[in-house]
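Just below is one structure, and these are the notes that go with it.
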Amino acid sequence: MSLSFLSLIGSSRRRAAWLLAEASPFARAITRGTTLLAANTAYRVLAGRLGREGGIPPEQLLGGEIGNVETLSRLRALLPLGRAVQEDFPLELGDDFLPLRVTGMLAPGRRDWVIWDIQEMPDNAAALIAVRQQRDELAAFIDNAPVGLYSVAPDGRFLFANHTFAAWIGLQPEQLVGGHLGLSDVLQHGEGREGEAMTPDWEGGEAKLKPVRSEKAGEDKAGLRLVSVSQTAISDPEGHPLRYSAVVHDLGLELRQRGTLRPVEAEFRRFFDQAPVGILVLDSAGTIREANAAFANLCGRDDWLGQRLAALVREEDALALTRHLIALRRGETFSRALEVRLAGPRERVVEVFAASSAERDDGQSAQLVYLVDTTEQRSLQTQFHQSQKMQAVGQLAGGIAHDFNNLLTAMIGFCDLLLQRHQPGDQSFADIMQIKQNASRAANLVRQLLAFSRQQTLVPKVLDVTDVLADLRNLIGRLIGETITLTMTHGRDLGLVKVDQGQLEQVIINLAVNARDAMSEGGELKIRTLNHHVERAAELGAETIPPGDYVLIEVTDTGHGIAPEHMAKIFDPFFTTKAVGAGTGLGLSTVYGIIKQTGGFIHVESMPGAGACFRIYLPRYRPKPEEIAASRNEARIDARDLTGRGLVLLVEDEDAVRAFAARALRNKGYTVIEAASGEQALALPAEQLNRVELLISDVVMPNLDGPSLAAALRQSRPDLKILFISGYAEDSLRSNMAKSAHVNFLPKPFSLSQLAGKVKEVMDAEPPGGNRPTA
């Protein structure tokens, strides 16, 4: 059992140290060599989750696999440098992975003590699983290599052994690593030095293996196996050895069965060529002398032989790679692999692992380098962080937009009330119009924020895209100017779509303005529509468009195009290549938000100097007969007469919005009862509530919200007409109403005429129960 932290310090500070260790959310332990001196409760809980005893050191807790053993060994080797070191470990936990981040540092004043912190890293789970799979593939390759590999500590203890080396001795690797056998127990000097004790710091050469369990093949009469050992010492900056790593070749089998040498070479070549990671052999100048098929596939070129590896990576990474390889040749170690990007037709991100220099049979210096492809891992991390960023900014934008909608509703509404008393010839008329126009501009900005966060209120209608574009033609012509030619081509028998007309117009205008800015010296803007059928699910950039019928809108310009390095960022919020003050960076992100909320897709193709083409895919909509009839009835409404009669209950917690709406409706002839909350509305006398013909209520209110109020009133008044006003999306409103029918909606901000028109429309419609209330 491990000791508590209390036993390690003086009595005067025991309580404080114990609280510090026990309160840590991380597993914390102290070791001396391979002995666990103390551990906190979190450490013992972690050990229990992994199915291990709480009194074992971190090496035994985490090092059950070859990749983790090597990582722990590298981590411990860096500790004497006097700084904290850190590594990530993906551990199996049943059918899942437990990603851990391990930090080690020497205890101040006690350099034989090591303090360990082990922290769970759930956000890195997907990335660590990808790294784990790559490490497992690399570990399998190393473990089954046709040569023996081992690493020992300065005292001769085995830190690592591959399966080939362990099998020659008749054991499993886990029986050597952490076992009682040392290097001198399994290895003897060769001819001329028989009987001399084998020490871990020997220079290498011919030797004999002493099998614990005999395998016969390759052994001499005494049961020993003749081998050749190439050994390298890994030292700290002061020159003190940290460990010794070696490659072991079986000479006995070669000497007695020379005829089998070629099959062994062929087998090694097969391992080399079929390895899942890129493997290179570099000379002293960093030139590639040999490489496997995986590397050729990574770099995507055939002329790699004789090239310097630094010449095959991106220019900005070349110097760092050269310095890294030189340091590794000198025997230096690093806590993390170097990550570089390969240059070529398709950019790949790789991690570089390399050994120190070794001498080849021809006397030339050689360095073995492994390149592990981490492109997908990096992409996964980028997507994860991007999704978090988009979610956070979207929530912020939605919250700000909702509050602004209340303010803007009051501003626009009271301006309309003032305009009823000040005619165009009045001195104040121009000032009021300036206020209203700027409030309307602010409302458009709010709609952009909501479009970006995909929370804007949509009023979808069945539309013919041809009609929408025809109405916009003159406006677009004025926006792009006389130096740019506008060409519109409409498809025949174009299908219908169900979208918010205002939002669709905003998409087209934003794309037209971007095209205008890309053609400062003039050009041509083409807008084309056509029907498009997708037979099978198809890749559309980073998205997949499902099968079905679509209406395709193409917006093409002849401008300067989009640089390749910007293509992945053009839909990001606040990204712009324009000068400061010339753009907000919200235009294309707004376009993307609108199209995605409408259920469509957008894709862009561009080459520098050759213009850009934006393609918008909107699902084709086939309207029902009742929708066609409703559309015809809507067209017959006479919007000029907005007066009416009836008793209206107005419930709104924003005083300014409630005051404007009440005055506007009273001016149009309605009798209005006001309430500042849902509770106040329910507290009204029953005889008043029974005479109410229309409930107008905000959706989001403290304590009792609009949908809950409507549900309570409809229990006794199922024929009550309901009109909700809100800055939130109508889809969200529908879900809160639990699929309740006969609910009308007016988005904020709205003007006096919009409010009066919507109220008249709802009052003239048949009530939900089919019976009008009696006075």
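Convention: chains lettered A, B, ... in structure tokens order; per-chain residue numbering from 1; ligands numbered from 1 as shown.
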For this session: Could you give me, as a ChimeraX atom specification, the residues within 12 Å of Ala515 in chain A, counting only C-alpha atoms and dropping anything in the same chain fewer than 6 positions from it?
Result: /A:476,479-481,484-486,508-509,521-527,555-562,587-588,611-614
For this session: Determine, counting only C-alpha atoms, which protein, DNA and RNA residues have an atom within 10 Å of an atom of Val340 in chain A; residues of the same chain fewer than 4 positions away are not included. Present the result as a list in words.
Result: Ala310, Val313, Arg314, Glu316, Asp317, Ala318, Ala320, Leu321, Arg348, Val349, Val350, Glu351, Val352, Leu371 and Thr374 of chain A
For this session: Compare A:Leu408, A:Gly109, A:Gln506, A:Val186 by their minimum atom-to-atom distance to Asn438 in chain A, counting only C-alpha atoms, and give me the closest one.
Result: A:Leu408
Problem set entry | Test item: residues at most 10 Å from Trp113 in chain A, only C-alpha atoms, excluding those fewer than 5 positions along its chain, as a PyMOL selection string | chain A and resi 30-33+35-37+105-108
Requested write-out: N, CA and C atoms of the selected residues, as a tab-separated table (two decimals), in the first residue's frame:
```tsv
chain	number	residue	atom	x	y	z
A	30	ILE	N	3.98	10.57	-5.73
A	30	ILE	CA	5.42	10.84	-5.59
A	30	ILE	C	6.12	9.49	-5.62
A	31	THR	N	7.19	9.41	-6.45
A	31	THR	CA	7.93	8.16	-6.55
A	31	THR	C	9.41	8.42	-6.31
A	32	ARG	N	10.11	7.38	-5.86
A	32	ARG	CA	11.57	7.36	-5.81
A	32	ARG	C	11.99	6.15	-6.61
A	33	GLY	N	12.59	6.40	-7.77
A	33	GLY	CA	12.90	5.30	-8.68
A	33	GLY	C	11.59	4.68	-9.16
A	35	THR	N	9.56	3.09	-7.00
A	35	THR	CA	8.80	2.87	-5.77
A	35	THR	C	7.83	4.02	-5.55
A	36	LEU	N	6.56	3.70	-5.30
A	36	LEU	CA	5.56	4.71	-5.00
A	36	LEU	C	5.67	5.10	-3.54
A	37	LEU	N	5.98	6.39	-3.28
A	37	LEU	CA	6.11	6.88	-1.91
A	37	LEU	C	4.77	7.35	-1.35
A	105	MET	N	7.80	16.05	-12.77
A	105	MET	CA	8.85	16.99	-12.46
A	105	MET	C	9.58	16.53	-11.20
A	106	LEU	N	10.85	16.91	-11.10
A	106	LEU	CA	11.63	16.54	-9.93
A	106	LEU	C	11.20	17.40	-8.74
A	107	ALA	N	11.14	16.77	-7.57
A	107	ALA	CA	10.76	17.49	-6.35
A	107	ALA	C	11.89	18.44	-5.97
A	108	PRO	N	11.57	19.69	-5.64
A	108	PRO	CA	12.61	20.65	-5.23
A	108	PRO	C	13.36	20.15	-4.00
```
For this session: Apply DSSP to the backbone of this structure and, from range 25-109 of chain A, keep only the residues in alpha helix (DSSP H); write these as a list in words.
Result: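 Listing alpha helix (DSSP H) positions across range 25-109 of chain A yields Thr41, Ala42, Tyr43, Arg44, Val45, Leu46, Ala47, Gly48, Arg49, Pro58, Glu59, Gln60, Leu61, Leu62, Ile66, Gly67, Asn68, Val69, Glu70, Thr71, Leu72, Ser73, Arg74, Leu75, Arg76, Ala77 and Leu78 of chain A.
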Taking 5 positions as the minimum chain separation for residues in the same chain, which residues sit within 6 Å of Arg620 in chain A when counting only C-alpha atoms? Answer as a PDB file with N, CA, C and O atoms, in the first residue's frame.
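Output file result_14.pdb follows:
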```pdb
ATOM      1  N   GLY A 495     -38.607  24.932 -60.656  1.00  0.00           N
ATOM      2  CA  GLY A 495     -39.386  24.481 -59.511  1.00  0.00           C
ATOM      3  C   GLY A 495     -39.559  25.580 -58.476  1.00  0.00           C
ATOM      4  O   GLY A 495     -38.876  26.602 -58.485  1.00  0.00           O
ATOM      5  N   LEU A 496     -40.503  25.356 -57.566  1.00  0.00           N
ATOM      6  CA  LEU A 496     -40.764  26.314 -56.493  1.00  0.00           C
ATOM      7  C   LEU A 496     -39.908  25.987 -55.272  1.00  0.00           C
ATOM      8  O   LEU A 496     -39.478  24.851 -55.096  1.00  0.00           O
ATOM      9  N   VAL A 497     -39.686  26.985 -54.422  1.00  0.00           N
ATOM     10  CA  VAL A 497     -38.964  26.791 -53.169  1.00  0.00           C
ATOM     11  C   VAL A 497     -39.784  27.427 -52.049  1.00  0.00           C
ATOM     12  O   VAL A 497     -40.617  28.303 -52.299  1.00  0.00           O
ATOM     13  N   ASP A 549     -34.441  16.674 -55.545  1.00  0.00           N
ATOM     14  CA  ASP A 549     -34.565  17.737 -56.542  1.00  0.00           C
ATOM     15  C   ASP A 549     -34.267  19.082 -55.892  1.00  0.00           C
ATOM     16  O   ASP A 549     -34.756  19.377 -54.789  1.00  0.00           O
ATOM     17  N   TYR A 550     -33.497  19.903 -56.593  1.00  0.00           N
ATOM     18  CA  TYR A 550     -33.081  21.197 -56.064  1.00  0.00           C
ATOM     19  C   TYR A 550     -33.268  22.274 -57.127  1.00  0.00           C
ATOM     20  O   TYR A 550     -33.249  21.989 -58.338  1.00  0.00           O
ATOM     21  N   VAL A 551     -33.446  23.507 -56.656  1.00  0.00           N
ATOM     22  CA  VAL A 551     -33.366  24.675 -57.534  1.00  0.00           C
ATOM     23  C   VAL A 551     -31.983  25.293 -57.323  1.00  0.00           C
ATOM     24  O   VAL A 551     -31.621  25.637 -56.196  1.00  0.00           O
TER      25      VAL A 551
END
```
Exercise. Excluding same-chain residues fewer than 6 positions from Glu332 in chain A, what lies within 8 Å of it counting only C-alpha atoms, as a ChimeraX atom specification?
Worked result: /A:234-236
For this session: Take CA of Glu652 in chain A and CA of Met411 in chain A and report the distance between them in Å, one decimal.
Result: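 Straight-line distance from CA of Glu652 in chain A to CA of Met411 in chain A works out to 15.8 Å.
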Exercise. So which residues touch Tyr43 in chain A within 9 Å, counting only C-alpha atoms, skipping near sequence neighbours fewer than 3 positions away, as JSON, numbers by chain?
Worked result: {"A": [26, 27, 28, 29, 39, 40, 46, 47, 48, 54, 117, 118]}
Would you save the residues of that selection, restricted to N, CA, C and O atoms, as a PDB file, in the first residue's frame?
```pdb
ATOM      1  N   PHE A  26      -6.693  16.300  -9.873  1.00  0.00           N
ATOM      2  CA  PHE A  26      -5.873  15.399 -10.648  1.00  0.00           C
ATOM      3  C   PHE A  26      -5.325  14.293  -9.739  1.00  0.00           C
ATOM      4  O   PHE A  26      -5.174  14.467  -8.527  1.00  0.00           O
ATOM      5  N   ALA A  27      -5.043  13.157 -10.365  1.00  0.00           N
ATOM      6  CA  ALA A  27      -4.343  12.110  -9.635  1.00  0.00           C
ATOM      7  C   ALA A  27      -2.897  12.555  -9.421  1.00  0.00           C
ATOM      8  O   ALA A  27      -2.221  12.959 -10.363  1.00  0.00           O
ATOM      9  N   ARG A  28      -2.402  12.486  -8.190  1.00  0.00           N
ATOM     10  CA  ARG A  28      -1.074  12.992  -7.860  1.00  0.00           C
ATOM     11  C   ARG A  28      -0.325  11.928  -7.055  1.00  0.00           C
ATOM     12  O   ARG A  28      -0.889  11.284  -6.174  1.00  0.00           O
ATOM     13  N   ALA A  29       0.949  11.727  -7.410  1.00  0.00           N
ATOM     14  CA  ALA A  29       1.760  10.717  -6.736  1.00  0.00           C
ATOM     15  C   ALA A  29       3.211  11.184  -6.677  1.00  0.00           C
ATOM     16  O   ALA A  29       3.643  12.049  -7.449  1.00  0.00           O
ATOM     17  N   ALA A  39       0.469   8.808  -2.607  1.00  0.00           N
ATOM     18  CA  ALA A  39      -0.520   9.057  -3.650  1.00  0.00           C
ATOM     19  C   ALA A  39      -1.774   9.603  -2.988  1.00  0.00           C
ATOM     20  O   ALA A  39      -2.118   9.227  -1.870  1.00  0.00           O
ATOM     21  N   ASN A  40      -2.468  10.500  -3.719  1.00  0.00           N
ATOM     22  CA  ASN A  40      -3.711  11.040  -3.173  1.00  0.00           C
ATOM     23  C   ASN A  40      -4.887  10.141  -3.548  1.00  0.00           C
ATOM     24  O   ASN A  40      -4.750   9.158  -4.286  1.00  0.00           O
ATOM     25  N   LEU A  46      -8.351   6.471  -9.756  1.00  0.00           N
ATOM     26  CA  LEU A  46      -7.986   6.209 -11.149  1.00  0.00           C
ATOM     27  C   LEU A  46      -7.473   4.787 -11.308  1.00  0.00           C
ATOM     28  O   LEU A  46      -7.826   4.090 -12.270  1.00  0.00           O
ATOM     29  N   ALA A  47      -6.651   4.337 -10.372  1.00  0.00           N
ATOM     30  CA  ALA A  47      -6.143   2.968 -10.441  1.00  0.00           C
ATOM     31  C   ALA A  47      -7.297   1.967 -10.399  1.00  0.00           C
ATOM     32  O   ALA A  47      -7.302   0.966 -11.129  1.00  0.00           O
ATOM     33  N   GLY A  48      -8.295   2.230  -9.557  1.00  0.00           N
ATOM     34  CA  GLY A  48      -9.449   1.342  -9.493  1.00  0.00           C
ATOM     35  C   GLY A  48     -10.220   1.310 -10.791  1.00  0.00           C
ATOM     36  O   GLY A  48     -10.690   0.250 -11.223  1.00  0.00           O
ATOM     37  N   GLY A  54      -4.025   0.425  -6.110  1.00  0.00           N
ATOM     38  CA  GLY A  54      -3.680   1.829  -5.902  1.00  0.00           C
ATOM     39  C   GLY A  54      -2.269   2.053  -5.427  1.00  0.00           C
ATOM     40  O   GLY A  54      -1.802   3.184  -5.359  1.00  0.00           O
ATOM     41  N   ASP A 117       1.580  14.246 -11.983  1.00  0.00           N
ATOM     42  CA  ASP A 117       0.183  14.688 -12.067  1.00  0.00           C
ATOM     43  C   ASP A 117      -0.443  14.007 -13.280  1.00  0.00           C
ATOM     44  O   ASP A 117       0.123  14.037 -14.384  1.00  0.00           O
ATOM     45  N   ILE A 118      -1.631  13.394 -13.078  1.00  0.00           N
ATOM     46  CA  ILE A 118      -2.320  12.694 -14.170  1.00  0.00           C
ATOM     47  C   ILE A 118      -3.701  13.316 -14.310  1.00  0.00           C
ATOM     48  O   ILE A 118      -4.498  13.293 -13.379  1.00  0.00           O
TER      49      ILE A 118
END
```
For this session: Identify, on the basis of only C-alpha atoms, every residue whose closest approach to Glu693 in chain A does not exceed 12 Å; exclude the query and any residue fewer than 6 positions from it along the same chain; express the result as a ChimeraX atom specification.
Result: /A:645-650,670-673,713-714,717-723,759-760,762-768,771-775
For this session: Using only C-alpha atoms, pick whichever of A:Leu79, A:Leu752, A:Val369, A:Leu181 has the shortest atom-to-atom distance to Arg329 in chain A.
Result: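 Smallest distance to Arg329 in chain A is found for A:Val369.
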Exercise. What is the CA of Gln434 in chain A to CA of Ile412 in chain A distance in Å?
Worked result: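 Computed distance, CA of Gln434 in chain A to CA of Ile412 in chain A, equals 10.9 Å.
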